[in-house]
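A.B. asks: Take a look at this one; I'll ask things after.
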Amino acid sequence: MSHNNTVLSQLLKLIPRHEIERLTNRHDGKRRSDALSRWSQFVALLTGHLSNRRSLRDIETTLQTQSQHQYHLGTQSVSRSALGRANEQLDYEFFTGLFTTLYQRCTAHQPRHGFRFKNKLFSLDGSLIDLSMKIFPWADCNSMKAAFKLHVGLDHDGLIPAFVSLTEGKAGEVNEAAQWDFPKGSVLVFDKGYSRYAWHKSLTDKGLFWVTRIRGNALYRVIERRDVSQHDHVTSDQTIVYTSKRAQDANLYPVRRVGYSDPVTGKHYVFVTNQFNWSAQTIADIYKQRWQVELFFKWIKQNLKIKTFLGHSKNAVMTQIMVALCAYLLLSYLKFKSKITKSLQEILQLLQVNLFIRRPLLALLLPVQKPPPDNRQLTFSLSRNYVGQQWGRPL
């Protein structure tokens with residue numbers, strides 16, 4: 001009988017340990033030999049996310065009951081006090097670097113988005129995560145509540161986060177997106193919260209395309225109209241120039257304005273873009289795909305531990321969030337590389353109940369193959385009937 005390590009151990013082998021060491025040397029330098037290692041901290045927090053643990057004590061108890069597997073995980077004994085100190089004191093930027101490493105590994109296996117163009121497609125958005133004002137006073141969003149904001153640039157090749165930043169709830173979304181370095185030729189889709197003319201112009205200057213919705217109070221002048229098909233749901237296709245003082249100060253280029261009527265809801269939308277070559281229907285379809293980033297936020301809030309926290313400091317909260325995003329990329333990498341047809345939800349559910357079971361990881365995730373029917377009983381029955389007929393009586 002073949003030997004198998006635990007499912008968690010096999011999952012962790014997808015992470016390059018030399019990258020962990022490199023990031024440790026970069027962010028932590030020399031530490032005490034008996035201090036909790038970065039690898040042990042990561043494994044403990046990852047176990048908390050994947051097995052839905054609720055507290056530091058819960059994580060400690062889970063790992064202690066599985067101490068016989070500690071050697072195969074390559075971890076130290078993890079106490080709740082040591083894990084709490086690590087989350088409070090060790091820089092969370094370590095896990096930002098690990099996130100970048102895992103994303104790069106995913107890009108080698110991720111499926112393409114469904115559009116015919118070869119450009120990369122990213123959806124940008126930010127989501128507030130509410131906190132208690134008494135426990136997290138540093139995250140005051142307004143006089144009524146505390147919150148911080150998770151900013152994400154979602155890569156539509158595989159629907160995985162490519163750019164991430166965490167800020168206080170008051171931070172503007174455009175300020176964070178302006179710091180991300182998108183590949184030249186990429187297509188960015190975002191809502192009206194990113195309407196800053198100077199930033200739109202800078203994207204065009206960098207060779208990036210963008211699609212968004214026009215503000216209702218926008219001032220503009222139409223300089224060109226294009227014919228639209230009566231069979232499409234496109235109501236208008238125009239080239240416009242913004243005429244407000246702010247747009248003139250930003251020296252914004254002419255943009256394309258596309259009107260679209262949703263055939264399902266009947267609601268009318270108006271999009272603006274700096275892409276003039278694609279069809280108006282493609283522009284509408286691109287903006288429709290922006291909903292995927294909303295689904296991403298919904299998934300991680302429902303399935304990973306990012307609404308209740310193991311520490312009260314900003315660093316502890318950031319650490320927990322970044323490990324959750326690393327867990328998402330790890331599951332996505334497993335799905336891409338093995339070409340599993342199961343959804344991430346199904347994969348996570350299987351891992352939750354089998355995390356410390358010794359069995360092949362892929363055998364757990366792949367569809368169960370039904371054995372072929374056993375025809376030996378049928379053959380024996382036919383033989384009995386034949387012998388009975390030879391003797392003139394049934395057997």
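Residue numbering restarts at 1 for every chain of the structure tokens, chains are lettered A, B, ... in their displayed order, and ligands are numbered from 1 as they appear.
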Near stretch 220-233 of chain A, within 6 Å and counting only C-alpha atoms, which residues show up once chain neighbours fewer than 2 positions away are dropped, as a PyMOL selection string?
C.D. replies: chain A and resi 237-243+260-261
A.B. asks: Which residues are close to A:Arg85, i.e. within 12 Å by only C-alpha atoms, leaving aside same-chain residues fewer than 5 positions away? Reply as a ChimeraX atom specification.
C.D. replies: /A:35-37,41,56,78-80,90-91,310-313,315-316,319
A.B. asks: Mind pulling up the distance from atom CA of A:Leu150 to atom CA of A:Lys307?
C.D. replies: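 Between atom CA of A:Lys307 and atom CA of A:Leu150 the gap is 11.9 Å.
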A.B. asks: Got a sec to tell me which of stretch 141-275 of chain A DSSP assigns to alpha helix (DSSP H), as a list in words?
C.D. replies: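 Alpha helix (DSSP H) members of stretch 141-275 of chain A, listed: Glu173, Val174, Asn175, Glu176, Ala177, Tyr197, Ala198, Trp199, His200, Lys201, Ser202, Leu203, Thr204, Asp205, Lys245, Arg246, Ala247, Gln248, Asp249 and Ala250 of chain A.
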A.B. asks: For the strand (DSSP E or B) assignment from backbone DSSP, which residues of stretch 61-262 of chain A qualify? Please present them as a PDB file with N, CA and C atoms, in the first residue's frame.
C.D. replies:
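Final output, result09.pdb:
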ATOM      1  N   LEU A 121      -7.282  41.705 -19.057  1.00  0.00           N
ATOM      2  CA  LEU A 121      -8.485  42.396 -18.590  1.00  0.00           C
ATOM      3  C   LEU A 121      -8.502  42.379 -17.070  1.00  0.00           C
ATOM      4  N   PHE A 122      -8.641  43.569 -16.461  1.00  0.00           N
ATOM      5  CA  PHE A 122      -8.678  43.698 -15.010  1.00  0.00           C
ATOM      6  C   PHE A 122      -9.915  44.484 -14.593  1.00  0.00           C
ATOM      7  N   SER A 123     -10.571  44.024 -13.535  1.00  0.00           N
ATOM      8  CA  SER A 123     -11.659  44.774 -12.911  1.00  0.00           C
ATOM      9  C   SER A 123     -11.150  45.358 -11.603  1.00  0.00           C
ATOM     10  N   LEU A 124     -11.421  46.649 -11.384  1.00  0.00           N
ATOM     11  CA  LEU A 124     -10.948  47.339 -10.189  1.00  0.00           C
ATOM     12  C   LEU A 124     -12.123  47.673  -9.285  1.00  0.00           C
ATOM     13  N   ASP A 125     -11.940  47.459  -7.994  1.00  0.00           N
ATOM     14  CA  ASP A 125     -12.983  47.835  -7.044  1.00  0.00           C
ATOM     15  C   ASP A 125     -12.417  47.782  -5.634  1.00  0.00           C
ATOM     16  N   GLY A 126     -13.152  48.377  -4.712  1.00  0.00           N
ATOM     17  CA  GLY A 126     -12.796  48.337  -3.298  1.00  0.00           C
ATOM     18  C   GLY A 126     -14.010  47.966  -2.484  1.00  0.00           C
ATOM     19  N   SER A 127     -13.776  47.278  -1.371  1.00  0.00           N
ATOM     20  CA  SER A 127     -14.882  46.835  -0.522  1.00  0.00           C
ATOM     21  C   SER A 127     -14.556  47.129   0.933  1.00  0.00           C
ATOM     22  N   LEU A 128     -15.517  47.715   1.641  1.00  0.00           N
ATOM     23  CA  LEU A 128     -15.349  48.002   3.065  1.00  0.00           C
ATOM     24  C   LEU A 128     -15.572  46.737   3.892  1.00  0.00           C
ATOM     25  N   ILE A 129     -14.759  46.564   4.919  1.00  0.00           N
ATOM     26  CA  ILE A 129     -14.942  45.483   5.886  1.00  0.00           C
ATOM     27  C   ILE A 129     -15.126  46.145   7.247  1.00  0.00           C
ATOM     28  N   ASP A 130     -16.318  46.022   7.810  1.00  0.00           N
ATOM     29  CA  ASP A 130     -16.682  46.720   9.040  1.00  0.00           C
ATOM     30  C   ASP A 130     -15.954  46.139  10.247  1.00  0.00           C
ATOM     31  N   LEU A 131     -15.599  47.034  11.177  1.00  0.00           N
ATOM     32  CA  LEU A 131     -14.941  46.658  12.421  1.00  0.00           C
ATOM     33  C   LEU A 131     -15.639  47.347  13.593  1.00  0.00           C
ATOM     34  N   ASP A 140     -11.006  54.193  12.124  1.00  0.00           N
ATOM     35  CA  ASP A 140     -12.228  54.991  12.081  1.00  0.00           C
ATOM     36  C   ASP A 140     -12.541  55.417  10.657  1.00  0.00           C
ATOM     37  N   ALA A 146     -16.190  51.969  12.382  1.00  0.00           N
ATOM     38  CA  ALA A 146     -14.807  51.743  11.957  1.00  0.00           C
ATOM     39  C   ALA A 146     -14.808  50.724  10.832  1.00  0.00           C
ATOM     40  N   ALA A 147     -13.869  50.860   9.930  1.00  0.00           N
ATOM     41  CA  ALA A 147     -13.774  49.935   8.795  1.00  0.00           C
ATOM     42  C   ALA A 147     -12.447  50.146   8.097  1.00  0.00           C
ATOM     43  N   PHE A 148     -11.996  49.152   7.395  1.00  0.00           N
ATOM     44  CA  PHE A 148     -10.894  49.344   6.469  1.00  0.00           C
ATOM     45  C   PHE A 148     -11.354  48.883   5.093  1.00  0.00           C
ATOM     46  N   LYS A 149     -10.605  49.259   4.080  1.00  0.00           N
ATOM     47  CA  LYS A 149     -11.018  49.002   2.704  1.00  0.00           C
ATOM     48  C   LYS A 149     -10.008  48.087   2.026  1.00  0.00           C
ATOM     49  N   LEU A 150     -10.542  47.060   1.387  1.00  0.00           N
ATOM     50  CA  LEU A 150      -9.733  46.133   0.604  1.00  0.00           C
ATOM     51  C   LEU A 150      -9.867  46.510  -0.867  1.00  0.00           C
ATOM     52  N   HIS A 151      -8.763  46.920  -1.488  1.00  0.00           N
ATOM     53  CA  HIS A 151      -8.739  47.310  -2.899  1.00  0.00           C
ATOM     54  C   HIS A 151      -8.179  46.145  -3.707  1.00  0.00           C
ATOM     55  N   VAL A 152      -8.846  45.794  -4.799  1.00  0.00           N
ATOM     56  CA  VAL A 152      -8.457  44.622  -5.590  1.00  0.00           C
ATOM     57  C   VAL A 152      -8.488  44.961  -7.076  1.00  0.00           C
ATOM     58  N   GLY A 153      -7.467  44.504  -7.772  1.00  0.00           N
ATOM     59  CA  GLY A 153      -7.477  44.473  -9.228  1.00  0.00           C
ATOM     60  C   GLY A 153      -7.595  43.019  -9.653  1.00  0.00           C
ATOM     61  N   LEU A 154      -8.755  42.608 -10.130  1.00  0.00           N
ATOM     62  CA  LEU A 154      -9.038  41.207 -10.434  1.00  0.00           C
ATOM     63  C   LEU A 154      -8.630  40.884 -11.862  1.00  0.00           C
ATOM     64  N   ASP A 155      -7.780  39.880 -12.018  1.00  0.00           N
ATOM     65  CA  ASP A 155      -7.348  39.409 -13.325  1.00  0.00           C
ATOM     66  C   ASP A 155      -8.416  38.450 -13.862  1.00  0.00           C
ATOM     67  N   ILE A 160      -8.627  35.749 -10.686  1.00  0.00           N
ATOM     68  CA  ILE A 160      -7.817  35.753  -9.465  1.00  0.00           C
ATOM     69  C   ILE A 160      -7.331  37.171  -9.196  1.00  0.00           C
ATOM     70  N   PRO A 161      -7.133  37.529  -7.922  1.00  0.00           N
ATOM     71  CA  PRO A 161      -6.630  38.879  -7.613  1.00  0.00           C
ATOM     72  C   PRO A 161      -5.182  39.029  -8.046  1.00  0.00           C
ATOM     73  N   ALA A 162      -4.907  40.107  -8.767  1.00  0.00           N
ATOM     74  CA  ALA A 162      -3.547  40.375  -9.235  1.00  0.00           C
ATOM     75  C   ALA A 162      -2.910  41.528  -8.464  1.00  0.00           C
ATOM     76  N   PHE A 163      -3.714  42.515  -8.089  1.00  0.00           N
ATOM     77  CA  PHE A 163      -3.239  43.677  -7.344  1.00  0.00           C
ATOM     78  C   PHE A 163      -4.113  43.833  -6.107  1.00  0.00           C
ATOM     79  N   VAL A 164      -3.472  44.047  -4.968  1.00  0.00           N
ATOM     80  CA  VAL A 164      -4.200  44.153  -3.707  1.00  0.00           C
ATOM     81  C   VAL A 164      -3.548  45.223  -2.836  1.00  0.00           C
ATOM     82  N   SER A 165      -4.368  46.013  -2.169  1.00  0.00           N
ATOM     83  CA  SER A 165      -3.866  46.912  -1.134  1.00  0.00           C
ATOM     84  C   SER A 165      -4.937  47.071  -0.069  1.00  0.00           C
ATOM     85  N   LEU A 166      -4.498  47.333   1.148  1.00  0.00           N
ATOM     86  CA  LEU A 166      -5.389  47.494   2.289  1.00  0.00           C
ATOM     87  C   LEU A 166      -5.184  48.877   2.881  1.00  0.00           C
ATOM     88  N   THR A 167      -6.265  49.598   3.076  1.00  0.00           N
ATOM     89  CA  THR A 167      -6.175  50.953   3.592  1.00  0.00           C
ATOM     90  C   THR A 167      -7.263  51.171   4.631  1.00  0.00           C
ATOM     91  N   GLU A 168      -7.208  52.310   5.295  1.00  0.00           N
ATOM     92  CA  GLU A 168      -8.300  52.714   6.154  1.00  0.00           C
ATOM     93  C   GLU A 168      -9.529  53.004   5.295  1.00  0.00           C
ATOM     94  N   VAL A 187      -6.680  46.176 -20.360  1.00  0.00           N
ATOM     95  CA  VAL A 187      -7.997  46.814 -20.338  1.00  0.00           C
ATOM     96  C   VAL A 187      -8.461  46.855 -18.886  1.00  0.00           C
ATOM     97  N   LEU A 188      -8.777  48.045 -18.397  1.00  0.00           N
ATOM     98  CA  LEU A 188      -9.241  48.222 -17.023  1.00  0.00           C
ATOM     99  C   LEU A 188     -10.719  48.591 -17.051  1.00  0.00           C
ATOM    100  N   VAL A 189     -11.494  47.952 -16.213  1.00  0.00           N
ATOM    101  CA  VAL A 189     -12.918  48.258 -16.112  1.00  0.00           C
ATOM    102  C   VAL A 189     -13.210  48.587 -14.653  1.00  0.00           C
ATOM    103  N   PHE A 209      -6.077  50.735 -21.827  1.00  0.00           N
ATOM    104  CA  PHE A 209      -7.457  51.012 -22.207  1.00  0.00           C
ATOM    105  C   PHE A 209      -8.336  50.906 -20.962  1.00  0.00           C
ATOM    106  N   TRP A 210      -9.406  51.667 -20.936  1.00  0.00           N
ATOM    107  CA  TRP A 210     -10.297  51.649 -19.776  1.00  0.00           C
ATOM    108  C   TRP A 210     -11.752  51.783 -20.217  1.00  0.00           C
ATOM    109  N   VAL A 211     -12.640  51.193 -19.405  1.00  0.00           N
ATOM    110  CA  VAL A 211     -14.084  51.251 -19.642  1.00  0.00           C
ATOM    111  C   VAL A 211     -14.751  51.556 -18.309  1.00  0.00           C
ATOM    112  N   THR A 212     -15.631  52.527 -18.283  1.00  0.00           N
ATOM    113  CA  THR A 212     -16.360  52.870 -17.079  1.00  0.00           C
ATOM    114  C   THR A 212     -17.715  53.455 -17.454  1.00  0.00           C
ATOM    115  N   ARG A 213     -18.496  53.824 -16.459  1.00  0.00           N
ATOM    116  CA  ARG A 213     -19.786  54.474 -16.700  1.00  0.00           C
ATOM    117  C   ARG A 213     -19.627  55.980 -16.537  1.00  0.00           C
ATOM    118  N   TYR A 220     -20.389  67.560 -21.531  1.00  0.00           N
ATOM    119  CA  TYR A 220     -19.632  67.146 -22.706  1.00  0.00           C
ATOM    120  C   TYR A 220     -20.284  67.671 -23.977  1.00  0.00           C
ATOM    121  N   ARG A 221     -19.520  67.550 -25.073  1.00  0.00           N
ATOM    122  CA  ARG A 221     -20.019  67.947 -26.391  1.00  0.00           C
ATOM    123  C   ARG A 221     -19.748  66.806 -27.361  1.00  0.00           C
ATOM    124  N   VAL A 222     -20.758  66.448 -28.155  1.00  0.00           N
ATOM    125  CA  VAL A 222     -20.613  65.364 -29.129  1.00  0.00           C
ATOM    126  C   VAL A 222     -19.914  65.910 -30.363  1.00  0.00           C
ATOM    127  N   ILE A 223     -18.850  65.239 -30.798  1.00  0.00           N
ATOM    128  CA  ILE A 223     -18.129  65.685 -31.992  1.00  0.00           C
ATOM    129  C   ILE A 223     -18.240  64.680 -33.135  1.00  0.00           C
ATOM    130  N   GLU A 224     -18.753  63.478 -32.849  1.00  0.00           N
ATOM    131  CA  GLU A 224     -18.934  62.480 -33.914  1.00  0.00           C
ATOM    132  C   GLU A 224     -19.970  61.456 -33.480  1.00  0.00           C
ATOM    133  N   ARG A 225     -20.801  61.038 -34.428  1.00  0.00           N
ATOM    134  CA  ARG A 225     -21.797  59.989 -34.179  1.00  0.00           C
ATOM    135  C   ARG A 225     -21.571  58.833 -35.149  1.00  0.00           C
ATOM    136  N   VAL A 234     -27.450  48.313 -28.541  1.00  0.00           N
ATOM    137  CA  VAL A 234     -26.703  49.563 -28.448  1.00  0.00           C
ATOM    138  C   VAL A 234     -27.582  50.702 -28.967  1.00  0.00           C
ATOM    139  N   THR A 235     -27.759  51.723 -28.157  1.00  0.00           N
ATOM    140  CA  THR A 235     -28.638  52.841 -28.529  1.00  0.00           C
ATOM    141  C   THR A 235     -27.882  54.033 -29.109  1.00  0.00           C
ATOM    142  N   SER A 236     -26.589  54.151 -28.806  1.00  0.00           N
ATOM    143  CA  SER A 236     -25.803  55.268 -29.339  1.00  0.00           C
ATOM    144  C   SER A 236     -24.325  54.912 -29.291  1.00  0.00           C
ATOM    145  N   ASP A 237     -23.558  55.500 -30.186  1.00  0.00           N
ATOM    146  CA  ASP A 237     -22.117  55.305 -30.245  1.00  0.00           C
ATOM    147  C   ASP A 237     -21.511  56.616 -30.731  1.00  0.00           C
ATOM    148  N   GLN A 238     -20.898  57.370 -29.823  1.00  0.00           N
ATOM    149  CA  GLN A 238     -20.467  58.738 -30.116  1.00  0.00           C
ATOM    150  C   GLN A 238     -19.037  58.982 -29.641  1.00  0.00           C
ATOM    151  N   THR A 239     -18.426  59.987 -30.206  1.00  0.00           N
ATOM    152  CA  THR A 239     -17.171  60.526 -29.695  1.00  0.00           C
ATOM    153  C   THR A 239     -17.479  61.872 -29.057  1.00  0.00           C
ATOM    154  N   ILE A 240     -17.037  62.056 -27.821  1.00  0.00           N
ATOM    155  CA  ILE A 240     -17.376  63.275 -27.092  1.00  0.00           C
ATOM    156  C   ILE A 240     -16.111  63.925 -26.534  1.00  0.00           C
ATOM    157  N   VAL A 241     -16.251  65.187 -26.177  1.00  0.00           N
ATOM    158  CA  VAL A 241     -15.203  65.940 -25.480  1.00  0.00           C
ATOM    159  C   VAL A 241     -15.823  66.513 -24.213  1.00  0.00           C
ATOM    160  N   TYR A 242     -15.209  66.244 -23.062  1.00  0.00           N
ATOM    161  CA  TYR A 242     -15.696  66.836 -21.818  1.00  0.00           C
ATOM    162  C   TYR A 242     -15.446  68.341 -21.845  1.00  0.00           C
ATOM    163  N   VAL A 255     -13.161  61.035 -25.825  1.00  0.00           N
ATOM    164  CA  VAL A 255     -13.473  59.666 -25.419  1.00  0.00           C
ATOM    165  C   VAL A 255     -14.711  59.196 -26.175  1.00  0.00           C
ATOM    166  N   ARG A 256     -14.947  57.921 -26.084  1.00  0.00           N
ATOM    167  CA  ARG A 256     -16.074  57.301 -26.772  1.00  0.00           C
ATOM    168  C   ARG A 256     -17.216  57.084 -25.781  1.00  0.00           C
ATOM    169  N   ARG A 257     -18.417  57.470 -26.175  1.00  0.00           N
ATOM    170  CA  ARG A 257     -19.609  57.320 -25.341  1.00  0.00           C
ATOM    171  C   ARG A 257     -20.534  56.294 -25.996  1.00  0.00           C
ATOM    172  N   VAL A 258     -20.902  55.232 -25.237  1.00  0.00           N
ATOM    173  CA  VAL A 258     -21.729  54.147 -25.763  1.00  0.00           C
ATOM    174  C   VAL A 258     -22.975  54.003 -24.893  1.00  0.00           C
ATOM    175  N   GLY A 259     -24.139  54.108 -25.508  1.00  0.00           N
ATOM    176  CA  GLY A 259     -25.394  53.860 -24.805  1.00  0.00           C
ATOM    177  C   GLY A 259     -25.855  52.434 -25.042  1.00  0.00           C
ATOM    178  N   TYR A 260     -26.349  51.781 -23.987  1.00  0.00           N
ATOM    179  CA  TYR A 260     -26.717  50.369 -24.083  1.00  0.00           C
ATOM    180  C   TYR A 260     -27.954  50.110 -23.243  1.00  0.00           C
ATOM    181  N   SER A 261     -28.914  49.372 -23.815  1.00  0.00           N
ATOM    182  CA  SER A 261     -30.139  49.003 -23.118  1.00  0.00           C
ATOM    183  C   SER A 261     -30.083  47.512 -22.793  1.00  0.00           C
TER     184      SER A 261
END
A.B. asks: Do you have the atom CA of A:Ser40-atom CA of A:Leu8 distance handy?
C.D. replies: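 Between atom CA of A:Ser40 and atom CA of A:Leu8 the gap is 13.2 Å.
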A.B. asks: Give the answer as one residue: which of A:His156, A:Ser55, A:Asn217, A:Gln104 has the shortest atom-to-atom distance to A:Pro16, using only C-alpha atoms?
C.D. replies: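 Closest to A:Pro16 of all the choices is A:Gln104.
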A.B. asks: Which is closest to A:Leu12 among A:Gly48, A:Gly169, A:Tyr197, A:Ala327, if we use only C-alpha atoms?
C.D. replies: A:Ala327
A.B. asks: Kindly give the distance, in Å, that separates atom CA of A:Leu334 and atom CA of A:Gln352, rounded to a single decimal.
C.D. replies: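 Here the two named atoms are 15.2 Å from each other.
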A.B. asks: Near A:Pro360, within 8 Å and counting only C-alpha atoms, which residues show up once chain neighbours fewer than 6 positions away are dropped, as number ranges by chain?
C.D. replies: A: 4-5, 7
A.B. asks: So which residues touch A:Cys106 within 8 Å, counting only C-alpha atoms, skipping near sequence neighbours fewer than 2 positions away, as an mmCIF file with N, CA and C atoms, in the first residue's frame?
C.D. replies:
data_model
loop_
_atom_site.group_PDB
_atom_site.id
_atom_site.type_symbol
_atom_site.label_atom_id
_atom_site.label_comp_id
_atom_site.auth_asym_id
_atom_site.auth_seq_id
_atom_site.Cartn_x
_atom_site.Cartn_y
_atom_site.Cartn_z
ATOM 1 N N LEU A 102 2.772 33.806 -5.447
ATOM 2 C CA LEU A 102 1.720 32.850 -5.798
ATOM 3 C C LEU A 102 0.965 33.298 -7.044
ATOM 4 N N TYR A 103 0.759 34.602 -7.190
ATOM 5 C CA TYR A 103 0.081 35.081 -8.400
ATOM 6 C C TYR A 103 0.916 34.784 -9.638
ATOM 7 N N GLN A 104 2.205 34.991 -9.564
ATOM 8 C CA GLN A 104 3.078 34.710 -10.707
ATOM 9 C C GLN A 104 3.054 33.227 -11.073
ATOM 10 N N ALA A 108 1.093 31.041 -15.043
ATOM 11 C CA ALA A 108 1.593 30.038 -15.989
ATOM 12 C C ALA A 108 0.544 29.007 -16.353
ATOM 13 N N HIS A 109 -0.550 28.940 -15.607
ATOM 14 C CA HIS A 109 -1.557 27.895 -15.835
ATOM 15 C C HIS A 109 -2.982 28.443 -15.937
ATOM 16 N N GLN A 110 -3.179 29.736 -15.720
ATOM 17 C CA GLN A 110 -4.531 30.282 -15.671
ATOM 18 C C GLN A 110 -5.207 30.247 -17.039
ATOM 19 N N LEU A 329 -5.308 32.195 -3.762
ATOM 20 C CA LEU A 329 -4.424 31.921 -4.899
ATOM 21 C C LEU A 329 -3.919 30.483 -4.875
ATOM 22 N N SER A 332 -6.623 28.358 -6.221
ATOM 23 C CA SER A 332 -6.735 28.600 -7.665
ATOM 24 C C SER A 332 -5.605 27.915 -8.424
ATOM 25 N N TYR A 333 -4.386 27.979 -7.876
ATOM 26 C CA TYR A 333 -3.245 27.322 -8.520
ATOM 27 C C TYR A 333 -3.461 25.821 -8.594
ATOM 28 N N PHE A 336 -6.033 25.235 -11.377
ATOM 29 C CA PHE A 336 -5.507 25.469 -12.722
ATOM 30 C C PHE A 336 -4.554 24.361 -13.152
#
A.B. asks: Between A:Ser132, A:Ser279, A:Asn251, A:Thr100, which has the minimum distance to A:Val323 (counting only C-alpha atoms)?
C.D. replies: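 Of A:Ser132, A:Ser279, A:Asn251, A:Thr100, the one nearest A:Val323 is A:Thr100, counting only C-alpha atoms.
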